[in-house]
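Colleague: Structure file upload31.tsv, TSV, C-alpha atoms, is pasted below:
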chain	number	residue	atom	x	y	z
L	1	MET	CA	-43.25	120.04	131.20
L	2	THR	CA	-43.12	118.60	134.71
L	3	VAL	CA	-40.25	116.64	136.24
L	4	ALA	CA	-42.37	113.48	136.08
L	5	GLU	CA	-43.13	114.05	132.37
L	6	PHE	CA	-39.47	114.70	131.62
L	7	LEU	CA	-38.34	111.52	133.37
L	8	ALA	CA	-41.11	109.45	131.78
L	9	GLY	CA	-39.87	110.48	128.34
L	10	LEU	CA	-36.36	109.09	128.87
L	11	PRO	CA	-35.12	105.60	127.98
L	12	ALA	CA	-35.45	103.26	130.99
L	13	GLU	CA	-31.71	103.06	131.75
L	14	ARG	CA	-31.23	106.82	131.71
L	15	ARG	CA	-34.44	107.39	133.67
L	16	ALA	CA	-33.12	105.01	136.36
L	17	ALA	CA	-29.80	106.85	136.49
L	18	LEU	CA	-31.46	110.25	136.80
L	19	HIS	CA	-33.84	108.96	139.49
L	20	GLU	CA	-30.87	107.77	141.55
L	21	VAL	CA	-28.87	110.99	141.15
L	22	ARG	CA	-31.96	113.11	141.79
L	23	ALA	CA	-32.58	111.22	145.04
L	24	VAL	CA	-29.03	112.04	146.23
L	25	ILE	CA	-29.44	115.70	145.32
L	26	ARG	CA	-32.82	116.00	147.02
L	27	LYS	CA	-31.52	114.29	150.18
L	28	ARG	CA	-28.41	116.50	150.48
L	29	LEU	CA	-29.69	119.82	149.10
L	30	PRO	CA	-29.41	122.69	151.59
L	31	ALA	CA	-32.64	124.39	152.65
L	32	GLY	CA	-34.28	126.96	150.41
L	33	TYR	CA	-33.38	125.76	146.94
L	34	ARG	CA	-36.38	124.85	144.78
L	35	GLU	CA	-36.68	122.05	142.21
L	36	GLU	CA	-38.17	122.98	138.82
L	37	MET	CA	-37.81	122.34	135.12
L	38	ALA	CA	-35.77	124.62	132.87
L	39	GLY	CA	-36.14	123.49	129.29
L	40	LYS	CA	-35.12	119.83	129.27
L	41	ALA	CA	-33.32	119.88	132.61
L	42	ILE	CA	-34.32	119.37	136.21
L	43	VAL	CA	-32.78	122.28	138.10
L	44	TRP	CA	-32.49	123.31	141.71
L	45	VAL	CA	-32.54	127.06	141.91
L	46	VAL	CA	-32.53	130.06	144.19
L	47	PRO	CA	-36.14	131.27	143.95
L	48	LEU	CA	-36.61	134.67	142.32
L	49	SER	CA	-38.36	135.77	145.50
L	50	VAL	CA	-34.99	135.40	147.26
L	51	TYR	CA	-32.69	136.71	144.50
L	52	PRO	CA	-34.62	138.49	141.74
L	53	ASP	CA	-31.73	140.54	140.32
L	54	THR	CA	-30.19	137.84	138.13
L	55	TYR	CA	-28.38	138.74	134.93
L	56	ASN	CA	-31.01	137.07	132.74
L	57	GLY	CA	-34.19	137.39	134.81
L	58	HIS	CA	-34.33	133.62	135.42
L	59	ALA	CA	-33.85	131.88	138.75
L	60	LEU	CA	-30.20	131.28	139.63
L	61	TRP	CA	-29.23	127.64	139.08
L	62	TYR	CA	-27.46	125.75	141.84
L	63	VAL	CA	-27.56	122.23	140.34
L	64	GLY	CA	-28.97	120.92	137.07
L	65	LEU	CA	-29.66	117.39	135.87
L	66	ALA	CA	-30.22	116.74	132.17
L	67	SER	CA	-30.11	114.07	129.51
L	68	PRO	CA	-29.04	115.93	126.37
L	69	LYS	CA	-28.14	113.05	124.03
L	70	SER	CA	-27.08	109.50	124.75
L	71	TYR	CA	-25.69	110.37	128.18
L	72	ALA	CA	-26.73	112.27	131.28
L	73	SER	CA	-25.24	115.47	132.59
L	74	LEU	CA	-25.03	116.90	136.10
L	75	HIS	CA	-24.43	120.64	136.12
L	76	MET	CA	-22.47	121.32	139.29
L	77	VAL	CA	-22.71	125.10	139.10
L	78	MET	CA	-21.41	125.59	142.64
L	79	ALA	CA	-18.29	123.56	141.79
L	80	TYR	CA	-17.71	125.58	138.61
L	81	MET	CA	-17.57	128.70	140.78
L	82	ASN	CA	-15.35	127.20	143.48
L	83	ASP	CA	-11.92	125.63	142.93
L	84	GLY	CA	-12.10	123.90	146.32
L	85	LEU	CA	-15.32	122.11	145.40
L	86	THR	CA	-13.94	121.15	141.99
L	87	LYS	CA	-10.91	119.65	143.73
L	88	ARG	CA	-13.21	117.82	146.15
L	89	LEU	CA	-14.98	116.24	143.15
L	90	GLU	CA	-11.68	115.32	141.48
L	91	ASP	CA	-10.18	113.83	144.64
L	92	GLY	CA	-13.39	112.05	145.63
L	93	PHE	CA	-13.83	110.40	142.24
L	94	LYS	CA	-10.18	109.34	142.21
L	95	LYS	CA	-10.46	107.85	145.70
L	96	ALA	CA	-13.64	105.99	144.66
L	97	GLY	CA	-11.88	104.64	141.55
L	98	LYS	CA	-14.27	106.49	139.24
L	99	LYS	CA	-13.40	108.44	136.11
L	100	LEU	CA	-14.57	112.05	136.38
L	101	ARG	CA	-15.86	113.16	132.98
L	102	MET	CA	-16.12	116.87	133.69
L	103	GLY	CA	-16.07	119.92	131.47
L	104	LYS	CA	-16.13	123.15	133.48
L	105	GLY	CA	-18.97	122.52	135.95
L	106	CYS	CA	-20.66	119.71	134.04
L	107	VAL	CA	-20.23	116.04	135.04
L	108	ASN	CA	-21.25	113.66	132.25
L	109	PHE	CA	-22.22	110.05	132.95
L	110	ASP	CA	-23.98	107.07	131.43
L	111	SER	CA	-25.24	105.44	134.62
L	112	ALA	CA	-25.29	106.30	138.31
L	113	ASP	CA	-22.57	103.66	138.76
L	114	ASP	CA	-20.21	106.03	136.91
L	115	LEU	CA	-20.51	108.53	139.74
L	116	ALA	CA	-19.10	108.82	143.24
L	117	LEU	CA	-22.57	109.59	144.59
L	118	ASP	CA	-21.38	110.25	148.14
L	119	VAL	CA	-18.99	112.90	146.78
L	120	ILE	CA	-21.74	114.39	144.61
L	121	GLY	CA	-23.92	114.58	147.72
L	122	ASP	CA	-21.15	116.23	149.75
L	123	VAL	CA	-20.59	118.90	147.10
L	124	VAL	CA	-24.32	119.54	146.72
L	125	ALA	CA	-24.59	119.94	150.50
L	126	ALA	CA	-21.59	122.27	150.71
L	127	VAL	CA	-23.12	125.66	149.91
L	128	PRO	CA	-26.09	127.03	151.86
L	129	MET	CA	-28.37	129.21	149.76
L	130	GLU	CA	-27.47	132.42	151.61
L	131	LYS	CA	-23.77	131.90	150.88
L	132	TYR	CA	-24.46	131.01	147.23
L	133	VAL	CA	-26.51	134.19	146.76
L	134	ALA	CA	-23.76	136.26	148.37
L	135	VAL	CA	-21.17	134.79	145.98
L	136	ALA	CA	-23.46	135.44	142.99
L	137	LYS	CA	-24.04	139.04	144.06
L	138	GLN	CA	-20.33	139.65	144.59
L	139	SER	CA	-19.49	138.13	141.22
L	140	ARG	CA	-22.05	140.37	139.54
L	141	GLU	CA	-20.64	143.46	141.27
L	142	ASP	CA	-17.11	142.49	140.24
L	143	ARG	CA	-18.21	142.17	136.59
L	144	LYS	CA	-19.87	145.60	136.71
L	145	LYS	CA	-16.63	147.13	137.96
L	146	VAL	CA	-14.65	145.51	135.14
L	147	LYS	CA	-17.12	146.81	132.54
L	148	LYS	CA	-16.82	150.36	133.95
L	149	VAL	CA	-13.01	150.20	133.77
L	150	LYS	CA	-13.13	149.00	130.13
L	151	LYS	CA	-15.37	151.94	129.16
L	152	VAL	CA	-12.82	154.48	130.39
Just give me the structure as structure tokens.

Modeller:
Amino acid sequence: MTVAEFLAGLPAERRAALHEVRAVIRKRLPAGYREEMAGKAIVWVVPLSVYPDTYNGHALWYVGLASPKSYASLHMVMAYMNDGLTKRLEDGFKKAGKKLRMGKGCVNFDSADDLALDVIGDVVAAVPMEKYVAVAKQSREDRKKVKKVKKV
């Protein structure tokens, strides 16, 4: 399924919301990330040619945009991994007078009006791909060390 096919299959209101959020992401996305489909989600990933050693063999997600049920969901993976970015989302939504419906790194919304789009854009723009890959690699190394300790 292509991005266009995915969007075309959504109800008009949700399609409009995802178009608007997608435009913000695409405008603010740091260089190098690639847009693709992963199941029923539009995702922006680190290409496997840049970071092939992922834990599951799939490209590393940076941001995801989905419409799982009667709402839309923005997977802010970089915010899930970074308390400072999570706080930036919380503070930015509060300042904008918006309610942040967030579980871990996932922001749920019904329409783009529910979001502080400037804050979303700032958080998306916050992590260059090289830094994101470095954090992912370090996290993977840290987990390997913990597994070795548990085996002893």

Colleague: Would you compute the distance between CA of Asp53 in chain L and CA of Met81 in chain L? Give it in Å to one decimal.

Modeller: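 Rounded to one decimal, the two atoms are 18.5 Å apart.
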
Colleague: Taking a cut-off of 12 Å and counting only C-alpha atoms, can you build a table that, for each residue of range 2-110 of chain L near range 123-132 of chain L, reports the nearest atom pair and how far apart they are in Å (one decimal), sorted by chain then residue number, as JSON lines?

Modeller:
{"residue": "L:Val21", "atom": "CA", "partner": "L:Val124", "partner_atom": "CA", "distance": 11.2}
{"residue": "L:Arg22", "atom": "CA", "partner": "L:Val124", "partner_atom": "CA", "distance": 11.1}
{"residue": "L:Ala23", "atom": "CA", "partner": "L:Val124", "partner_atom": "CA", "distance": 11.8}
{"residue": "L:Val24", "atom": "CA", "partner": "L:Val124", "partner_atom": "CA", "distance": 8.9}
{"residue": "L:Ile25", "atom": "CA", "partner": "L:Val124", "partner_atom": "CA", "distance": 6.6}
{"residue": "L:Arg26", "atom": "CA", "partner": "L:Val124", "partner_atom": "CA", "distance": 9.2}
{"residue": "L:Lys27", "atom": "CA", "partner": "L:Ala125", "partner_atom": "CA", "distance": 8.9}
{"residue": "L:Arg28", "atom": "CA", "partner": "L:Ala125", "partner_atom": "CA", "distance": 5.1}
{"residue": "L:Leu29", "atom": "CA", "partner": "L:Ala125", "partner_atom": "CA", "distance": 5.3}
{"residue": "L:Pro30", "atom": "CA", "partner": "L:Pro128", "partner_atom": "CA", "distance": 5.5}
{"residue": "L:Ala31", "atom": "CA", "partner": "L:Met129", "partner_atom": "CA", "distance": 7.1}
{"residue": "L:Gly32", "atom": "CA", "partner": "L:Met129", "partner_atom": "CA", "distance": 6.4}
{"residue": "L:Tyr33", "atom": "CA", "partner": "L:Met129", "partner_atom": "CA", "distance": 6.7}
{"residue": "L:Arg34", "atom": "CA", "partner": "L:Met129", "partner_atom": "CA", "distance": 10.4}
{"residue": "L:Trp44", "atom": "CA", "partner": "L:Val124", "partner_atom": "CA", "distance": 10.3}
{"residue": "L:Val45", "atom": "CA", "partner": "L:Met129", "partner_atom": "CA", "distance": 9.1}
{"residue": "L:Val46", "atom": "CA", "partner": "L:Met129", "partner_atom": "CA", "distance": 7.0}
{"residue": "L:Pro47", "atom": "CA", "partner": "L:Met129", "partner_atom": "CA", "distance": 9.9}
{"residue": "L:Val50", "atom": "CA", "partner": "L:Glu130", "partner_atom": "CA", "distance": 9.2}
{"residue": "L:Tyr51", "atom": "CA", "partner": "L:Glu130", "partner_atom": "CA", "distance": 9.8}
{"residue": "L:Leu60", "atom": "CA", "partner": "L:Tyr132", "partner_atom": "CA", "distance": 9.5}
{"residue": "L:Trp61", "atom": "CA", "partner": "L:Tyr132", "partner_atom": "CA", "distance": 10.0}
{"residue": "L:Tyr62", "atom": "CA", "partner": "L:Tyr132", "partner_atom": "CA", "distance": 8.1}
{"residue": "L:Val63", "atom": "CA", "partner": "L:Val124", "partner_atom": "CA", "distance": 7.6}
{"residue": "L:Gly64", "atom": "CA", "partner": "L:Val124", "partner_atom": "CA", "distance": 10.8}
{"residue": "L:Leu74", "atom": "CA", "partner": "L:Val124", "partner_atom": "CA", "distance": 11.0}
{"residue": "L:His75", "atom": "CA", "partner": "L:Val124", "partner_atom": "CA", "distance": 10.7}
{"residue": "L:Met76", "atom": "CA", "partner": "L:Val124", "partner_atom": "CA", "distance": 7.9}
{"residue": "L:Val77", "atom": "CA", "partner": "L:Val124", "partner_atom": "CA", "distance": 9.6}
{"residue": "L:Met78", "atom": "CA", "partner": "L:Val127", "partner_atom": "CA", "distance": 7.5}
{"residue": "L:Ala79", "atom": "CA", "partner": "L:Val123", "partner_atom": "CA", "distance": 7.4}
{"residue": "L:Tyr80", "atom": "CA", "partner": "L:Val123", "partner_atom": "CA", "distance": 11.2}
{"residue": "L:Met81", "atom": "CA", "partner": "L:Tyr132", "partner_atom": "CA", "distance": 9.7}
{"residue": "L:Asn82", "atom": "CA", "partner": "L:Val127", "partner_atom": "CA", "distance": 10.2}
{"residue": "L:Asp83", "atom": "CA", "partner": "L:Val123", "partner_atom": "CA", "distance": 11.7}
{"residue": "L:Gly84", "atom": "CA", "partner": "L:Val123", "partner_atom": "CA", "distance": 9.9}
{"residue": "L:Leu85", "atom": "CA", "partner": "L:Val123", "partner_atom": "CA", "distance": 6.4}
{"residue": "L:Thr86", "atom": "CA", "partner": "L:Val123", "partner_atom": "CA", "distance": 8.7}
{"residue": "L:Lys87", "atom": "CA", "partner": "L:Val123", "partner_atom": "CA", "distance": 10.3}
{"residue": "L:Arg88", "atom": "CA", "partner": "L:Val123", "partner_atom": "CA", "distance": 7.5}
{"residue": "L:Leu89", "atom": "CA", "partner": "L:Val123", "partner_atom": "CA", "distance": 7.4}
{"residue": "L:Glu90", "atom": "CA", "partner": "L:Val123", "partner_atom": "CA", "distance": 11.1}
{"residue": "L:Asp91", "atom": "CA", "partner": "L:Val123", "partner_atom": "CA", "distance": 11.8}
{"residue": "L:Gly92", "atom": "CA", "partner": "L:Val123", "partner_atom": "CA", "distance": 10.0}
{"residue": "L:Phe93", "atom": "CA", "partner": "L:Val123", "partner_atom": "CA", "distance": 11.9}
{"residue": "L:Gly105", "atom": "CA", "partner": "L:Val123", "partner_atom": "CA", "distance": 11.8}

Colleague: Nearest residue to Tyr55 in chain L out of L:Arg14, L:Arg140, L:Lys99, L:Lys104, using only C-alpha atoms?

Modeller: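 The answer is L:Arg140, which sits nearest to Tyr55 in chain L.
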
Colleague: Would you kindly return, as a compact mmCIF listing (two decimals) with C-alpha atoms, in the coordinates of the input, each protein, DNA or RNA residue with an atom no farther than 12 Å from any atom of Ala12 in chain L, considering only C-alpha atoms and excluding same-chain residues fewer than 6 positions away?

Modeller:
# COMPACT_ATOMS: atom_id res chain seq x y z
CA LEU L 18 -31.46 110.25 136.80
CA HIS L 19 -33.84 108.96 139.49
CA SER L 111 -25.24 105.44 134.62

Colleague: Using only C-alpha atoms, can you tell me which of L:Met1, L:Leu115, L:Met102, L:Leu7 comes closest to Ser67 in chain L?

Modeller: L:Leu7

Colleague: What is the CA of Phe109 in chain L to CA of Ala72 in chain L distance in Å?

Modeller: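 For CA of Phe109 in chain L relative to CA of Ala72 in chain L, the distance reads 5.3 Å.
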
Colleague: With only C-alpha atoms as the basis for distance, which of L:Val43, L:Ala17, L:Val3, L:Ala59 is at the shortest distance from Asp114 in chain L?

Modeller: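 For Asp114 in chain L, the nearest of the given residues is L:Ala17.
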